[in-house]
Structures are given as structure tokens and as C-alpha cells.
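S.K.: CSV, C-alpha atoms, saved as my_file.csv, coming up:
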```
chain,number,residue,atom,x,y,z
A,1,MET,CA,158.5,46.0,280.4
A,2,ASP,CA,160.5,49.2,280.8
A,3,ARG,CA,162.5,50.3,283.8
A,4,ARG,CA,159.7,52.3,285.4
A,5,GLY,CA,157.6,49.1,286.0
A,6,GLN,CA,155.2,49.7,283.1
A,7,ILE,CA,154.3,47.0,280.6
A,8,SER,CA,154.7,47.5,276.9
A,9,ILE,CA,151.8,47.8,274.5
A,10,GLU,CA,153.0,44.7,272.7
A,11,PHE,CA,152.9,42.6,275.8
A,12,MET,CA,149.3,43.8,276.5
A,13,MET,CA,148.3,42.9,273.0
A,14,ILE,CA,149.8,39.5,273.2
A,15,VAL,CA,148.1,38.9,276.6
A,16,ALA,CA,144.8,40.0,275.1
A,17,VAL,CA,145.1,38.0,271.8
A,18,ILE,CA,146.3,34.7,273.3
A,19,PRO,CA,143.0,34.0,275.3
A,20,LEU,CA,141.0,34.8,272.2
A,21,VAL,CA,143.0,32.4,270.0
A,22,VAL,CA,142.8,29.7,272.7
A,23,LEU,CA,139.1,30.1,273.0
A,24,LEU,CA,138.7,30.0,269.2
A,25,LEU,CA,140.9,26.9,268.9
A,26,GLY,CA,139.1,25.3,271.9
A,27,SER,CA,135.7,25.8,270.3
A,28,LEU,CA,136.9,24.4,266.9
A,29,THR,CA,138.6,21.4,268.7
A,30,THR,CA,135.5,20.7,270.8
A,31,GLU,CA,133.3,20.7,267.6
A,32,SER,CA,135.7,18.4,265.7
A,33,SER,CA,136.1,16.2,268.8
A,34,GLU,CA,132.3,15.9,269.1
A,35,LEU,CA,132.0,14.6,265.5
A,36,THR,CA,135.0,12.2,266.0
A,37,LEU,CA,133.4,10.8,269.1
A,38,ALA,CA,130.0,10.5,267.4
A,39,MET,CA,131.7,8.5,264.5
A,40,ALA,CA,133.5,6.3,267.0
A,41,ALA,CA,130.2,5.6,268.7
A,42,ALA,CA,128.6,5.0,265.3
A,43,ARG,CA,131.3,2.4,264.4
A,44,ASN,CA,130.8,0.8,267.7
A,45,GLY,CA,127.1,0.6,267.2
A,46,ALA,CA,127.5,-0.8,263.7
A,47,THR,CA,129.8,-3.5,265.1
A,48,GLN,CA,127.3,-4.3,267.9
A,49,GLY,CA,124.5,-4.6,265.4
A,50,ALA,CA,126.6,-6.8,263.1
A,51,ASN,CA,127.6,-9.1,266.0
A,52,LEU,CA,124.1,-9.5,267.3
A,53,ASN,CA,122.7,-10.0,263.8
A,54,SER,CA,125.5,-12.6,263.0
A,55,MET,CA,124.5,-14.5,266.1
A,56,ALA,CA,120.8,-14.1,265.3
A,57,PHE,CA,120.1,-12.9,268.8
A,58,TYR,CA,117.1,-10.6,268.7
A,59,PRO,CA,114.7,-8.8,270.9
A,60,ASP,CA,111.2,-10.3,271.2
A,61,GLN,CA,109.5,-8.0,268.6
A,62,ALA,CA,112.1,-8.6,266.0
A,63,PHE,CA,112.3,-12.3,266.7
A,64,SER,CA,108.5,-12.5,266.3
A,65,ASN,CA,108.6,-10.5,263.0
A,66,TYR,CA,111.4,-12.6,261.5
A,67,THR,CA,109.6,-15.9,262.6
A,68,ASN,CA,106.7,-14.8,260.4
A,69,LYS,CA,108.4,-13.1,257.5
A,70,ASN,CA,112.2,-13.4,257.4
A,71,GLN,CA,113.0,-16.9,258.7
A,72,ARG,CA,116.5,-16.8,257.1
A,73,LEU,CA,117.4,-14.1,259.7
A,74,LEU,CA,116.7,-16.6,262.6
A,75,LEU,CA,119.8,-18.4,261.5
A,76,PRO,CA,123.4,-17.1,262.1
A,77,SER,CA,125.0,-15.1,259.3
A,78,LYS,CA,128.3,-13.5,258.5
A,79,VAL,CA,127.7,-9.7,258.7
A,80,ARG,CA,130.9,-7.6,258.3
A,81,ILE,CA,131.1,-3.9,258.5
A,82,ILE,CA,133.2,-2.5,255.7
A,83,LYS,CA,133.1,1.2,256.6
A,84,VAL,CA,131.0,3.9,258.2
A,85,GLU,CA,130.9,7.3,256.4
A,86,TYR,CA,129.1,10.5,257.2
A,87,LYS,CA,127.9,13.5,255.2
A,88,ASN,CA,127.4,17.0,256.6
A,89,GLN,CA,124.0,18.1,255.3
A,90,GLY,CA,124.0,21.6,256.8
A,91,TYR,CA,122.4,23.5,259.6
A,92,ASN,CA,118.8,22.7,260.5
A,93,SER,CA,117.0,25.6,262.1
A,94,VAL,CA,114.2,23.3,263.5
A,95,TYR,CA,116.7,21.3,265.6
A,96,GLN,CA,119.2,24.2,265.8
A,97,ARG,CA,121.9,21.7,265.0
A,98,THR,CA,123.9,20.6,262.0
A,99,LYS,CA,122.6,17.5,260.3
A,100,ILE,CA,124.9,14.6,259.8
A,101,GLN,CA,123.8,11.6,257.7
A,102,ILE,CA,125.6,8.3,258.5
A,103,ARG,CA,125.9,5.5,256.0
A,104,VAL,CA,127.1,2.0,256.9
A,105,TYR,CA,128.6,-0.2,254.2
A,106,ALA,CA,128.3,-3.9,255.1
A,107,SER,CA,128.7,-7.3,253.5
A,108,ASP,CA,127.2,-10.7,254.1
A,109,PRO,CA,127.8,-13.4,251.4
A,110,THR,CA,125.1,-15.6,253.0
A,111,LEU,CA,122.4,-13.0,252.7
A,112,LYS,CA,121.0,-12.7,249.2
A,113,ASN,CA,117.4,-11.7,249.7
A,114,HIS,CA,116.8,-7.9,249.4
A,115,ASP,CA,114.2,-7.9,252.1
A,116,ASP,CA,116.4,-9.8,254.5
A,117,GLN,CA,119.2,-7.3,253.8
A,118,ASN,CA,116.8,-4.4,254.5
A,119,CYS,CA,115.8,-5.9,257.9
A,120,MET,CA,119.4,-6.5,258.8
A,121,GLY,CA,120.4,-3.0,257.7
A,122,GLU,CA,117.6,-1.5,259.8
A,123,ARG,CA,118.9,-3.3,262.8
A,124,ILE,CA,122.5,-2.2,262.2
A,125,ASN,CA,121.3,1.4,261.8
A,126,TYR,CA,119.2,1.2,265.0
A,127,TYR,CA,122.4,0.2,267.0
A,128,VAL,CA,124.4,3.0,265.3
A,129,ARG,CA,121.9,5.6,266.5
A,130,LYS,CA,121.5,4.0,269.9
A,131,SER,CA,125.2,4.0,270.4
A,132,ILE,CA,125.5,7.7,269.6
A,133,SER,CA,122.6,8.5,271.9
A,134,GLY,CA,124.3,6.4,274.7
A,135,SER,CA,127.6,8.1,274.2
A,136,PHE,CA,126.3,11.6,274.5
A,137,GLN,CA,123.6,10.6,277.0
A,138,THR,CA,120.9,12.3,274.9
A,139,ASP,CA,118.3,9.5,275.2
A,140,TYR,CA,115.8,12.0,276.7
A,141,LEU,CA,115.8,14.1,273.4
A,142,THR,CA,115.0,11.3,271.0
A,143,ASN,CA,112.3,8.7,270.4
A,144,ASN,CA,112.2,4.9,270.9
A,145,ALA,CA,113.8,4.3,267.5
A,146,TYR,CA,116.6,6.9,268.3
A,147,ASN,CA,115.7,8.6,265.1
A,148,PRO,CA,117.1,11.3,264.8
A,149,VAL,CA,119.7,11.2,267.5
A,150,PHE,CA,121.4,14.2,269.0
A,151,SER,CA,124.7,15.4,270.3
A,152,HIS,CA,125.3,18.9,271.5
A,153,ARG,CA,126.0,20.6,268.1
A,154,TYR,CA,124.8,17.9,265.7
A,155,TYR,CA,121.9,15.6,265.0
A,156,TYR,CA,122.3,12.3,263.2
A,157,THR,CA,120.2,10.2,260.8
A,158,THR,CA,121.1,7.0,259.1
A,159,ALA,CA,120.9,6.2,255.4
A,160,ASP,CA,120.0,2.7,254.2
A,161,VAL,CA,122.9,0.3,254.7
A,162,ARG,CA,124.8,-0.4,251.4
A,163,TRP,CA,125.4,-4.2,250.9
A,164,SER,CA,128.1,-5.6,248.8
B,1,MET,CA,150.2,27.3,294.1
B,2,MET,CA,148.9,25.5,291.0
B,3,SER,CA,150.7,26.5,287.8
B,4,VAL,CA,148.7,27.7,284.8
B,5,GLU,CA,150.1,24.8,282.7
B,6,LEU,CA,148.7,22.3,285.2
B,7,LEU,CA,145.4,24.0,285.3
B,8,LEU,CA,145.1,24.1,281.5
B,9,THR,CA,146.2,20.5,281.1
B,10,SER,CA,143.7,19.4,283.7
B,11,VAL,CA,140.9,21.3,281.9
B,12,VAL,CA,141.8,19.8,278.6
B,13,PHE,CA,142.1,16.3,280.1
B,14,LEU,CA,138.7,16.6,281.7
B,15,ILE,CA,137.1,17.8,278.4
B,16,ILE,CA,138.6,14.8,276.6
B,17,LEU,CA,137.7,12.3,279.4
B,18,SER,CA,134.1,13.5,279.5
B,19,GLY,CA,133.7,12.8,275.8
B,20,VAL,CA,135.5,9.5,275.7
B,21,ILE,CA,133.7,8.1,278.8
B,22,GLY,CA,130.4,7.7,276.9
B,23,VAL,CA,132.1,5.8,274.1
B,24,VAL,CA,133.9,3.5,276.6
B,25,GLN,CA,130.6,2.7,278.3
B,26,GLU,CA,129.0,1.9,274.9
B,27,ARG,CA,131.9,-0.4,274.0
B,28,SER,CA,131.7,-2.2,277.3
B,29,GLU,CA,128.0,-2.7,276.7
B,30,THR,CA,128.8,-4.1,273.2
B,31,ALA,CA,131.3,-6.6,274.7
B,32,ILE,CA,128.7,-7.8,277.3
B,33,LEU,CA,125.9,-8.1,274.7
B,34,THR,CA,128.1,-9.9,272.2
B,35,GLN,CA,129.2,-12.3,274.9
B,36,GLU,CA,125.6,-13.0,275.8
B,37,ALA,CA,124.7,-13.5,272.2
B,38,VAL,CA,127.6,-15.9,271.6
B,39,GLU,CA,126.8,-17.9,274.8
B,40,SER,CA,123.1,-18.2,273.9
B,41,ARG,CA,124.0,-19.2,270.4
B,42,ILE,CA,126.3,-21.9,271.7
B,43,ILE,CA,123.7,-23.3,274.1
B,44,SER,CA,120.9,-23.4,271.5
B,45,ASP,CA,123.2,-24.9,268.9
B,46,LYS,CA,124.5,-27.5,271.4
B,47,VAL,CA,120.9,-28.7,272.2
B,48,ALA,CA,120.1,-28.8,268.5
B,49,GLN,CA,123.3,-30.6,267.7
B,50,SER,CA,122.7,-33.2,270.5
B,51,LEU,CA,119.2,-33.9,269.0
B,52,GLU,CA,120.7,-34.3,265.6
B,53,ASP,CA,123.4,-36.7,267.0
B,54,ALA,CA,120.8,-38.7,268.9
B,55,TYR,CA,118.6,-39.0,265.8
B,56,SER,CA,121.4,-39.9,263.4
B,57,GLY,CA,122.7,-42.5,266.0
B,58,GLY,CA,119.6,-44.7,265.4
B,59,GLU,CA,117.2,-46.5,267.7
B,60,GLY,CA,118.4,-46.9,271.2
B,61,HIS,CA,121.0,-44.1,270.9
B,62,GLU,CA,121.2,-42.1,274.1
B,63,LEU,CA,123.2,-39.0,275.1
B,64,MET,CA,123.2,-36.4,277.8
B,65,VAL,CA,123.0,-32.7,277.4
B,66,GLU,CA,124.0,-30.4,280.3
B,67,MET,CA,122.5,-27.0,280.5
B,68,PRO,CA,124.7,-24.2,281.9
B,69,PRO,CA,123.4,-22.6,285.1
B,70,GLU,CA,123.2,-19.0,283.6
B,71,ILE,CA,124.2,-16.8,280.7
B,72,LYS,CA,126.4,-14.0,282.0
B,73,GLY,CA,124.5,-14.0,285.3
B,74,LYS,CA,121.1,-14.0,283.6
B,75,ASN,CA,118.4,-16.6,283.6
B,76,TYR,CA,117.2,-18.4,280.4
B,77,LEU,CA,114.9,-21.1,279.2
B,78,VAL,CA,115.3,-23.4,276.3
B,79,LYS,CA,112.1,-24.5,274.5
B,80,VAL,CA,112.3,-27.5,272.2
B,81,ASN,CA,109.5,-28.5,269.8
B,82,SER,CA,109.5,-30.1,266.4
B,83,SER,CA,110.4,-26.9,264.6
B,84,GLY,CA,113.6,-26.2,266.5
B,85,VAL,CA,115.3,-25.0,269.7
B,86,PHE,CA,114.3,-21.5,271.0
B,87,LEU,CA,116.5,-19.9,273.7
B,88,ASP,CA,114.5,-17.3,275.6
B,89,MET,CA,116.4,-14.8,277.8
B,90,GLY,CA,113.4,-12.7,278.6
B,91,ASP,CA,114.1,-9.8,276.3
B,92,ARG,CA,116.1,-11.6,273.7
B,93,ASN,CA,115.8,-14.8,271.8
B,94,SER,CA,117.8,-17.1,269.5
B,95,PHE,CA,116.8,-20.1,267.4
B,96,SER,CA,118.5,-23.2,266.2
B,97,SER,CA,117.0,-25.6,263.7
B,98,PHE,CA,117.3,-29.3,263.4
B,99,SER,CA,115.9,-32.0,261.1
B,100,VAL,CA,114.3,-34.3,263.7
B,101,PRO,CA,110.6,-35.1,262.7
B,102,ARG,CA,109.3,-35.5,266.3
B,103,VAL,CA,110.6,-34.6,269.7
B,104,THR,CA,108.6,-35.4,272.8
B,105,GLY,CA,109.0,-35.8,276.6
B,106,SER,CA,108.9,-38.9,278.9
B,107,LYS,CA,105.0,-39.1,278.7
B,108,GLY,CA,105.2,-39.2,274.9
B,109,THR,CA,102.5,-36.6,274.4
B,110,GLU,CA,104.4,-33.3,275.0
B,111,GLU,CA,104.6,-31.0,272.0
B,112,GLN,CA,106.9,-28.6,273.6
B,113,LEU,CA,109.6,-29.2,276.2
B,114,ILE,CA,111.3,-26.7,278.4
B,115,LEU,CA,114.9,-27.3,279.5
B,116,TYR,CA,115.9,-25.4,282.6
B,117,PRO,CA,119.3,-24.0,283.5
B,118,GLY,CA,121.7,-26.1,285.6
B,119,LYS,CA,119.9,-29.4,284.8
B,120,THR,CA,121.0,-32.4,282.8
B,121,TYR,CA,118.7,-34.0,280.2
B,122,ARG,CA,118.8,-37.4,278.6
B,123,ILE,CA,118.0,-37.6,274.9
B,124,THR,CA,117.0,-41.1,273.7
B,125,HIS,CA,116.1,-42.3,270.2
B,126,HIS,CA,112.9,-44.4,270.0
B,127,ARG,CA,110.9,-46.1,267.3
B,128,ASP,CA,107.1,-46.7,267.6
B,129,GLU,CA,105.1,-49.7,266.4
B,130,ASN,CA,104.6,-48.1,263.0
B,131,GLY,CA,108.4,-47.7,262.5
B,132,ASN,CA,108.4,-43.9,263.0
B,133,HIS,CA,111.5,-42.6,264.7
B,134,TYR,CA,111.3,-40.0,267.4
B,135,LEU,CA,113.3,-38.5,270.3
B,136,VAL,CA,112.5,-38.4,274.0
B,137,ILE,CA,114.0,-35.8,276.2
B,138,SER,CA,113.8,-36.5,279.9
B,139,LEU,CA,115.3,-35.0,283.0
B,140,LYS,CA,118.3,-36.9,284.4
B,141,VAL,CA,117.7,-37.7,288.0
```
Go through the file and emit its structure as C-alpha cells.
M.R.:
Amino acid sequence: MDRRGQISIEFMMIVAVIPLVVLLLGSLTTESSELTLAMAAARNGATQGANLNSMAFYPDQAFSNYTNKNQRLLLPSKVRIIKVEYKNQGYNSVYQRTKIQIRVYASDPTLKNHDDQNCMGERINYYVRKSISGSFQTDYLTNNAYNPVFSHRYYYTTADVRWS
Amino acid sequence: MMSVELLLTSVVFLIILSGVIGVVQERSETAILTQEAVESRIISDKVAQSLEDAYSGGEGHELMVEMPPEIKGKNYLVKVNSSGVFLDMGDRNSFSSFSVPRVTGSKGTEEQLILYPGKTYRITHHRDENGNHYLVISLKV
């Protein structure tokens, strides 16, 4: 500012630019934070699925299905989550959100049968999606299977669990 | 007057908090569900193990099994038949197997027995006139 009480053009420019930069950074941070939170929720869901599967503690429908077809799954197992990864699959104009595909890598040395692994994997994926939906409170946007599941800027699907 | 720094910090804090709160709720739910799963597994395995112990103990062997009053504040039922032990929590179930050929009640004709929370049951090993071994579960009075 000069001695006549006027502010300099530089100061005006700085004052004008700073809010723009803050808004831009804020927007980028919120977007990145949303994905970080979604992945935290996904890992939590995968752990929940692994725990409940390990204890063989199932809802009625699953319990009934396994009693008929996958009796091995009624007994406890040792499911471990190795990692959870995601892949950005681009913007989808139908959902008006960016699609994120999540893949869980798990291991269970006691589970050899491919069909049993598939059932176990489906349950883990269900809990991954449910956890994301619960974290962003977007249950009203999705279906009973939470597939796909939504956050504000993204929607999520799960790929088949990879067993090792 | 509130400073701009405090205002900005509060806004950022609220944004982060609103995001994290959902994840925290989910984690809390995971912990509760896992605890329920573990407790139900412990109960069904305990009943199955008691049946195995009574059977392997031979004729006349007797032991008690005490059912906890609840699982994390929720009611449950344990159903025992010749194929195994089923723990039913209403919306969730677990199963434990055993290798006892026949389990029945005090009448000797029951094919499925229900064990209720908070009760104690007596398991006794019997042998019929044909030499077949079986277990009887009866309520301890």
C-alpha cells in the first residue's frame, strides 16, 4: 500500500489468486480424501468378511446354501487378507461418477476347492461394498447386494477375489 | 473476533471429521460383529467338544455344560442333533461338528434338542441292550 491509502495492484492480484488456489487445492484434496476413505472402508470390509468367514458365522440364507452345497464352509477356516487394490476405470456417464474397481487378494491354506473359494470371495466382496456404502451413507442409492456402491464422486465394483 | 486461521482450521477439521466418522462407525460395527462371531463359535465348539469328551469317556461318563446367558446382549439357541451343533442367533448361524453317532434327550426319543441360554445341561454316556453307545442331554435341575 502506498502513502495515500491505496492498495497496490500486486496485493489485489495476490488476494484474488489465493482463494482460487485454495479452492482448487481443496477440491483436489477432497477428491483424493474420498478415495482414501473409500479404500480404508474397503479394507475394513475385507477384514470383516475374512473374520466372519473364518469363524463360519453366516446369515440364514448363506448358511442354508452352504449346508446344501459347500459344507466345508460351515467349518472354521483361516482367511487372511493380503492386500486390497483398486483400478480407476474412467468416468461413466450413466452414473455420472468415476468407476473404481476394487480387487481383494486373500489366502487360506485350508481352502482348496475352487467353488468354496468363490463363495468365500463373494462374501468378502459383499462386506467390502457394504462397508463403503456404510461409510458414505449411500445405502439408499444401491441395491441389496450393494453392487455397485457409491460415494459422492465415485462408484465402486469388486473384481473376483484372487486366492493364493 | 474469530481469526481467519481458526475459521479455516475449523472448516478443514470438520471436512476431515465428516469423512472419517463413517469409517469409524464401520470399524466399530466390525469389532462388534467379530466379537459376536467369536463368542458364538466358542459356544458351539464348547458344546460339540463336551459331547466328544462324554462319548470318548465311555459308558457312565457324565459332564456338565453351562450355557452363557447371552451373546453380546443378544439371545441365541443351540440345537443339537446327530449331525452336529447349530447355534442360531436369529439372523446368523454357526455350526460345529462332532463324531457321536446318536444324541438324544431324557425321553430317549428326541432327534433334536434345544439348549437354552443361562441353563446348565448334563451329558451322560449310555449303552443300550444291543451294545450301541449314545449320549443323553438333560437339563440340570
S.K.: List as a list in words the protein and nucleic acid residues near Ala38 in chain A, meaning an atom at most 9 Å away when all atoms listed in the file are counted, but skip any in the same chain fewer than 2 places from it.
M.R.: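 In the requested form, the answer reads Ser33, Glu34, Leu35, Thr36, Ala40, Ala41, Ala42, Arg43, Ser131, Ile132, Ser133, Ser135, Phe136, Ser151 and Tyr156 of chain A; Val23 of chain B.
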S.K.: Enumerate as a PDB file with C-alpha atoms, in the frame of the given file the residues belonging to chain B that approach chain A to within 6 Å, with all atoms listed in the file taken into account.
M.R.:
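See part.pdb below for the written result:
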```
ATOM      1  CA  GLY B  22     130.400   7.700 276.900  1.00  0.00           C
ATOM      2  CA  VAL B  23     132.100   5.800 274.100  1.00  0.00           C
ATOM      3  CA  THR B  30     128.800  -4.100 273.200  1.00  0.00           C
ATOM      4  CA  ALA B  37     124.700 -13.500 272.200  1.00  0.00           C
ATOM      5  CA  ASP B  91     114.100  -9.800 276.300  1.00  0.00           C
ATOM      6  CA  ARG B  92     116.100 -11.600 273.700  1.00  0.00           C
ATOM      7  CA  ASN B  93     115.800 -14.800 271.800  1.00  0.00           C
ATOM      8  CA  SER B  94     117.800 -17.100 269.500  1.00  0.00           C
ATOM      9  CA  PHE B  95     116.800 -20.100 267.400  1.00  0.00           C
TER      10      PHE B  95
END
```
S.K.: Between CA of Leu8 in chain B and CA of Val20 in chain B, measure the distance and give it in Å to one decimal.
M.R.: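 CA of Val20 in chain B lies 18.4 Å from CA of Leu8 in chain B.
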S.K.: Check the smallest atom-to-atom distance from each of A:Tyr146, A:Tyr105, A:Tyr154, A:Leu141 to Gly90 in chain A using all atoms listed in the file, then report the winner.
M.R.: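 Counting all atoms listed in the file, the residue closest to Gly90 in chain A is A:Tyr154.
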S.K.: If we count only C-alpha atoms and set the cut-off at 7 Å, which residues sit around Ser106 in chain B, ignoring sequence neighbours fewer than 6 positions away in its own chain? Please answer as a list in words.
M.R.: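 My reading of the contact set: Val136, Ile137 and Ser138 of chain B.
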S.K.: Would you mind reading off the distance between CA of Tyr134 in chain B and CA of Arg102 in chain B, one decimal, in Å?
M.R.: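 Calculated distance between CA of Tyr134 in chain B and CA of Arg102 in chain B is 5.0 Å.
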S.K.: Return the single residue from B:Pro101, B:Leu135, B:Thr120, B:Gly84 that is closest to Met67 in chain B, with distances computed using all atoms listed in the file.
M.R.: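 That would be B:Thr120, the residue with the smallest distance to Met67 in chain B.
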S.K.: Got a sec: who's within 8 Å of range 92-97 of chain A, counting only C-alpha atoms, leaving out chain neighbours fewer than 6 positions off, as a list in words?
M.R.: His152, Arg153, Tyr154 and Tyr155 of chain A
S.K.: Between CA of Ile16 in chain B and CA of Ala16 in chain A, what is the spacing in Å?
M.R.: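 Between these atoms lies a distance of 26.0 Å.
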S.K.: I'd like the neighbourhood of Val12 in chain B as a list in words, where a residue qualifies if any of its atoms comes within 12 Å (using all atoms listed in the file), though same-chain residues fewer than 2 positions away should be ignored.
M.R.: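 The contact residues come out as Val22, Gly26, Ser27, Thr29, Thr30 and Ser33 of chain A; Glu5, Leu6, Leu7, Leu8, Thr9, Ser10, Leu14, Ile15, Ile16, Leu17, Ser18 and Gly19 of chain B.
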S.K.: I'd like the contact shell of Ile123 in chain B - 12 Å cut-off, all atoms listed in the file, skipping same-chain residues fewer than 3 positions apart - returned as a VMD selection string.
M.R.: chain B and resid 47 to 55 57 to 66 80 103 to 106 113 115 120 126 134 to 140
S.K.: Next, the residues of the selection above should be written as a PDB file, keeping the file's coordinate frame with C-alpha atoms.
M.R.:
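The result, written out as selection31.pdb:
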```
ATOM      1  CA  VAL B  47     120.900 -28.700 272.200  1.00  0.00           C
ATOM      2  CA  ALA B  48     120.100 -28.800 268.500  1.00  0.00           C
ATOM      3  CA  GLN B  49     123.300 -30.600 267.700  1.00  0.00           C
ATOM      4  CA  SER B  50     122.700 -33.200 270.500  1.00  0.00           C
ATOM      5  CA  LEU B  51     119.200 -33.900 269.000  1.00  0.00           C
ATOM      6  CA  GLU B  52     120.700 -34.300 265.600  1.00  0.00           C
ATOM      7  CA  ASP B  53     123.400 -36.700 267.000  1.00  0.00           C
ATOM      8  CA  ALA B  54     120.800 -38.700 268.900  1.00  0.00           C
ATOM      9  CA  TYR B  55     118.600 -39.000 265.800  1.00  0.00           C
ATOM     10  CA  GLY B  57     122.700 -42.500 266.000  1.00  0.00           C
ATOM     11  CA  GLY B  58     119.600 -44.700 265.400  1.00  0.00           C
ATOM     12  CA  GLU B  59     117.200 -46.500 267.700  1.00  0.00           C
ATOM     13  CA  GLY B  60     118.400 -46.900 271.200  1.00  0.00           C
ATOM     14  CA  HIS B  61     121.000 -44.100 270.900  1.00  0.00           C
ATOM     15  CA  GLU B  62     121.200 -42.100 274.100  1.00  0.00           C
ATOM     16  CA  LEU B  63     123.200 -39.000 275.100  1.00  0.00           C
ATOM     17  CA  MET B  64     123.200 -36.400 277.800  1.00  0.00           C
ATOM     18  CA  VAL B  65     123.000 -32.700 277.400  1.00  0.00           C
ATOM     19  CA  GLU B  66     124.000 -30.400 280.300  1.00  0.00           C
ATOM     20  CA  VAL B  80     112.300 -27.500 272.200  1.00  0.00           C
ATOM     21  CA  VAL B 103     110.600 -34.600 269.700  1.00  0.00           C
ATOM     22  CA  THR B 104     108.600 -35.400 272.800  1.00  0.00           C
ATOM     23  CA  GLY B 105     109.000 -35.800 276.600  1.00  0.00           C
ATOM     24  CA  SER B 106     108.900 -38.900 278.900  1.00  0.00           C
ATOM     25  CA  LEU B 113     109.600 -29.200 276.200  1.00  0.00           C
ATOM     26  CA  LEU B 115     114.900 -27.300 279.500  1.00  0.00           C
ATOM     27  CA  THR B 120     121.000 -32.400 282.800  1.00  0.00           C
ATOM     28  CA  HIS B 126     112.900 -44.400 270.000  1.00  0.00           C
ATOM     29  CA  TYR B 134     111.300 -40.000 267.400  1.00  0.00           C
ATOM     30  CA  LEU B 135     113.300 -38.500 270.300  1.00  0.00           C
ATOM     31  CA  VAL B 136     112.500 -38.400 274.000  1.00  0.00           C
ATOM     32  CA  ILE B 137     114.000 -35.800 276.200  1.00  0.00           C
ATOM     33  CA  SER B 138     113.800 -36.500 279.900  1.00  0.00           C
ATOM     34  CA  LEU B 139     115.300 -35.000 283.000  1.00  0.00           C
ATOM     35  CA  LYS B 140     118.300 -36.900 284.400  1.00  0.00           C
TER      36      LYS B 140
END
```
